Amino acid sequence: MKTIMELRADLDNKKVTSEELFKEANKKAHEYQDEYNSFVTIIDEYKKNESDSLINGIPYSLKDNISTKGILTTSSSNILKDYIPVYDATVYKKLKNAGAVLVGKTVLDELAMGGTGTTANTGIVKNPWDKTRQIGGSSAGSAASVALGITPFSIASDTGDSIRKPAAFGGVVGFKPTYGRISRYGLFAFASSLDHVGCLTRCVEDCAIVTDILKGKDERDMTSLPDDGVKYHDMLKNDIKGKKLFYIKEITDKELYKDASEETKKVLDKFKETIDKCKELGFIVEEVSIDEKLLKAIYPSYMTISCAEATSNNSNLTGIIFGPRGEGNTINDIMFDARTKGFSELIKRRFILGSYILLKENQERLFKNAQRLRRIIVNKMNDLFKEYDAMILPTSGGVAPKFDSDIDRMSDRYLILENHMAIGNFGGYPSITIPNGFVDDMPIGINITGPQFMDGEVLNIAYKIEEHLGFKGLGKE
Amino acid sequence: MYKLTIGLEVHCEVKTNSKNFSSARNEYSDNPNTNVDTVDIGLPGILPVVNKEAFRKSLKMALALNCKTPDVVMFDRKNYYYPDLPKGYQITQMEKPVGVDGYVMINVDDKDIKVGIHDIHLEEDTASMEHNDGYSLIDYNRAGVPLLETVTTPSIHSANEAIAFLEILKGIFLYTDVSEARTELGQMRVDVNVNIRDEFDNNLTPRVEMKNINSFNNVKLAIESEEKRQIDLIEQGRANEVVQETRRFDEEKLETLSMRSKVDAVDYKYYIEPNIPPIKIDDEWINAIKKEIPMLQYDRINIYINEYGLSRYDATVIVKEKSISDYFEETIKLGCNPKSSANWVTGMILGYINKNELKIDDIYLTPKMLVELIEMVDKGEISSKQSKQVFTKCLEEGMEPKKIVKKLGLTQITDDKVIRDIVVKVLDEHPDLIIDHKKGKNTFDFFVGQVMKATRGQANPGITANIIREEIDKR
């Protein structure tokens with residue numbers, strides 16, 4: 001599978017037509033569907049607008065929690081299983097205007113909550129590198145669609161690590177820009193203060209191209225940022241000599257993982273090798289120590305805030321105006337029935353947690369404290385970003401887990417290693433995952449996160465590292 | 001001593017073109033479900049966008065209520081499930097509303113009373129529902145209409161004070177053009193909190209809430225019936241039977257009925273609305289808005305009474321509508337005597353516009369014309385009776401009073417010599433009646449009538465009478 005720029009060249013040289021690209025993508029989508037289950041909806045009709053953008057005529061997929069007028073959008077939940085939106089999300093509108101061609105709507109963990117790709121109402125999504133393994137989530141179908149080479153890019157959402165984790169497990173690139181850089185209008189809200197729209201691609205350059213098209217102020221999203229007036233694509237090749245990176249000792253120090261699996265040790269070794277390669281490139285890389293207590297607070301704070309916001313954000317799903325109508329004699333019974341049948345157990349658990357967290361008597365202790373922790377973590381990061389251009393870390397303590405594996409990575413140490421990417425959502429930081437080679441024949445990733453608004457700089461750093469590591473255009477075809 | 005203690009929560013819809021957080025039209029009396037946007041029905045993925053006009057007007061109202069405005073205004077979510085609330089949460093303001101800690105002056109029985117404003121906040125209205133036998137209908141036209149909630153402190157101590165406050169509040173909404181505040185359309189709805197305290201402000205009963213009362217008269221009746229209920233229970237030694245609860249005022253039975261007790265009160269799980277960034281309020285903005293606030297009723301009444309010498313009654317009548325009050329003030333600016341102007345405004349003009357259901361700005365008679373009309377009477381150019389004729393003609397024919405006077409030949413004859421000549425002539429023609437007069441018979445009116453006939457009613461009646469007397473005495 002080629003990258004956007006390679007396909008661009010083919011299109012411009014008339015080696016292939018846009019319609020041919022679409023048909024090929026559509027054919028692959030159907031072929032792989034039974035095996036991997038990437039899509040909720042596969043589009044069979046070729047439809048595109050004229051444009052002179054770099055993605056004109058390029059096929060892509062869209063996570064099924066992004067509103068597409070006239071096209072089923074289910075958020076992989078039974079409560080929206082027949083929901084056909086009446087309006088377009090801003091990102092979808094921009095993609096259409098740029099001439100990109102939609103191939104399908106991708107499967108996600110139900111309502112974007114979850115990181116396994118196993119909780120969609122239409123079934124589990126499998127990892128293209130090994131069908132006995134998860135691809136990760138929640139943007140499971142998007143990652144699979146790119147990793148399988150069905151589409152060169154996919155647009156998805158990231159609330160904790162929902163783009164960046166499956167990108168790592170699928171051996172592709174996943175990027176979420178600064179909070180507000182891309183409009184959220186039309187993205188089905190999970191946790192509004194943490195939700196980002198971003199992209200999965202075959203290479204860093206493609207992330208820059210797509211983000212250049214999607215970014216900008218949207219009058220329909222008050223949290224969207226004014227256009228920063230630069231093209232990230234033009235910044236990729238900037239000189240990075242002397243740029244400063246840091247990694248966190250408490251997450252990456254092998255000494256702390258004495259009882260860890262061989263797999264984890266290999267991941268950490270691989271990370272160290274990459275740090276050395278970064279130094280070869282001219283980066284200054286330093287180890288930084290952060291209070292472990294603070295790092296341990298990331299996951300519970302994230303769960304507390306996201307469950308609380310999710311409870312409220314999904315209160316519109318009652319089956320009254322849209323969605324399957326519940327049964328019952330009173331309004332409450334009708335809504336209760338619709339929600340009981342419409343959500344899986346996992347979702348209900350999150351909603352109950354969220355409600356509990358928001359109760360008056362619990363807010364101070366749970367919700368407000370989680371927000372305070374978020375603030376402390378962000379302050380710490382902002383301080384570090386005064387000195388460093390970006391943070392670099394392994395995306396996870398291992399490769400994509402097996403479906404039947406008992407997840408044994410539940411100690412505090414692993415809780416940090418597996419969940420630190422939520423820092424990017426806490427601070428609204430630009431954050432990108434790129435492939436970092438293989439462990440046991442499965443892809444692993446590294447994550448690079450920079451200060452707010454420095455999207456171009458983060459992409460520039462990632463581009464240079466990608467170039468040096470040589471995993472550009474990875475992917476299982 | 002029982003001290004009735006009342007706090008009010010007044011919801012009032014803000015006059016804007018579009019809704020508070022969407023671009024749908026703010027016209028909820030249109031055909032049901034015709035002014036509805038994706039945001040109003042809470043479709044997945046929607047985001048609120050604050051209506052600048054609604055926000056500006058809510059700041060204006062906060063300032064008119066002498067509230068402190070924060071440096072930063074924020075919105076919060078109030079979470080609950082009901083079909084009239086499509087998103088499952090209402091966007092409102094808790095932490096940083098547009099105004100806090102204000103006050104309003106009212107006057108009851110000639111006493112000035114300060115009613116404290118706890119806060120005023122901007123939120124969105126819910127859909128309207130119609131419950132029928134076996135089914136309910138929902139109209140989302142009203143969902144998302146900007147709504148301002150004004151919350152008083154418990155500083156009101158009688159039903160009359162409550163009504164006076166509501167009248168003044170309504171007046172402020174109208175004067176500032178923030179709302180049309182029409183209670184009959186449900187644009188202004190009142191929640192009333194009532195309890196009884198002793199003279200040291202100790203609570204004798206807990207606070208009882210009555211929600212969504214739609215007319216001021218019902219507010220009065222609800223307060224009175226709840227006051228009576230609570231005091232009766234205290235006197236019977238059953239004060240503990242008054243519980244903190246929400247009660248409903250039954251308009252037919254004229255009593256309040258229990259709806260739900262505090263025990264099953266809803267926890268609204270308020271938290272900050274993450275989709276609306278904090279809105280900074282700077283002094284420049286505040287000052288610009290302050291300049292738009294006209295002088296309000298309470299101050300106008302005081303000026304009318306203390307400086308213009310009007311009665312409180314007349315002053316109150318004049319300020320009821322800003323356009324009328326402005327009209328009145330315009331005549332004063334043009335040098336008119338305030339009392340004469342007030343007589344005309346509260347008498348002939350209000351009578352005419354009420355009868356014809358007009359606005360004062362719609363009538364042909366401008367303040368300048370009214371001043372001219374009054375001057376003609378004061379100078380004796382026309383009689384007061386004639387002035388009323390001129391007034392009616394002016395409005396009916398759309399012609400300036402001066403031109404009407406000319407056209408109808410109404411100008412009075414005040415010239416002594418002209419009138420005296422006519423009087424002498426009339427007396428000369430009726431020597432017998434002069435004798436009758438001297439004998440005590442009333443023939444005086446006859447002479448006046450003859451002079452009027454000869455002058456087609458234009459002779460000044462006062463001057464005419466004096467001259468007739470003088471001339472009779474000479475004979």
# chains A, B, ... in the order shown; residues from 1 in each chain; ligands from 1
>>> residues_around(residues="stretch 169-182 of chain B", least_positions_apart="2", cutoff="6 Å", atoms="only C-alpha atoms", output="list of chain:residue names")
B:Val14, B:Lys15, B:Lys57, B:Phe165, B:Leu166, B:Glu167, B:Glu184, B:Leu185, B:Gln187, B:Met188, B:Ile293, B:Lys322
>>> interface_residues(of="chain B", to="chain A", cutoff="7 Å", atoms="only C-alpha atoms", output="VMD selection string")
chain B and resid 42 44 to 47 49 79 83 86 to 89 267 269 274 to 277
>>> residues_around(residues="stretch 135-152 of chain A", least_positions_apart="6", cutoff="8 Å", atoms="only C-alpha atoms", output="count of residues only")
52
>>> select_by_dssp(residues="stretch 5-167 of chain B", states="strand (DSSP E or B)", output="PyMOL selection string")
chain B and resi 5-13+18+25+68+72-73+76-79+89-92+99-108+111-124+128-132+135-139+146-152+156
>>> closest_residue(among="A:Thr178, A:Asn56, A:Asn460, A:Asn436", to="A:Val267", atoms="only C-alpha atoms")
A:Asn436
>>> closest_residue(among="A:Val173, A:Ile446, A:Val101, A:Val458", to="A:Thr274", atoms="only C-alpha atoms")
A:Ile446
>>> atom_distance(atom1="atom CA of A:Ile240", atom2="atom CA of A:Asn382")
20.7 Å
>>> residues_around(residues="A:Phe271", least_positions_apart="2", cutoff="10 Å", atoms="only C-alpha atoms", output="JSON, numbers by chain")
{"A": [252, 265, 266, 267, 268, 269, 273, 274, 275, 276, 277, 392, 393, 394, 395, 436, 437, 444, 445, 446]}
>>> closest_residue(among="B:Gly462, B:Leu395, B:Val377, B:Lys211", to="B:Leu257", atoms="only C-alpha atoms")
B:Lys211
>>> residues_around(residues="stretch 242-251 of chain B", least_positions_apart="6", cutoff="10 Å", atoms="only C-alpha atoms", output="number ranges by chain")
B: 191-193, 195, 204-213, 218-219, 221-223, 225-226, 229-231, 233-234, 257-265
>>> residues_around(residues="A:Pro226", least_positions_apart="5", cutoff="8 Å", atoms="only C-alpha atoms", output="ChimeraX atom specification")
/A:181,216-217
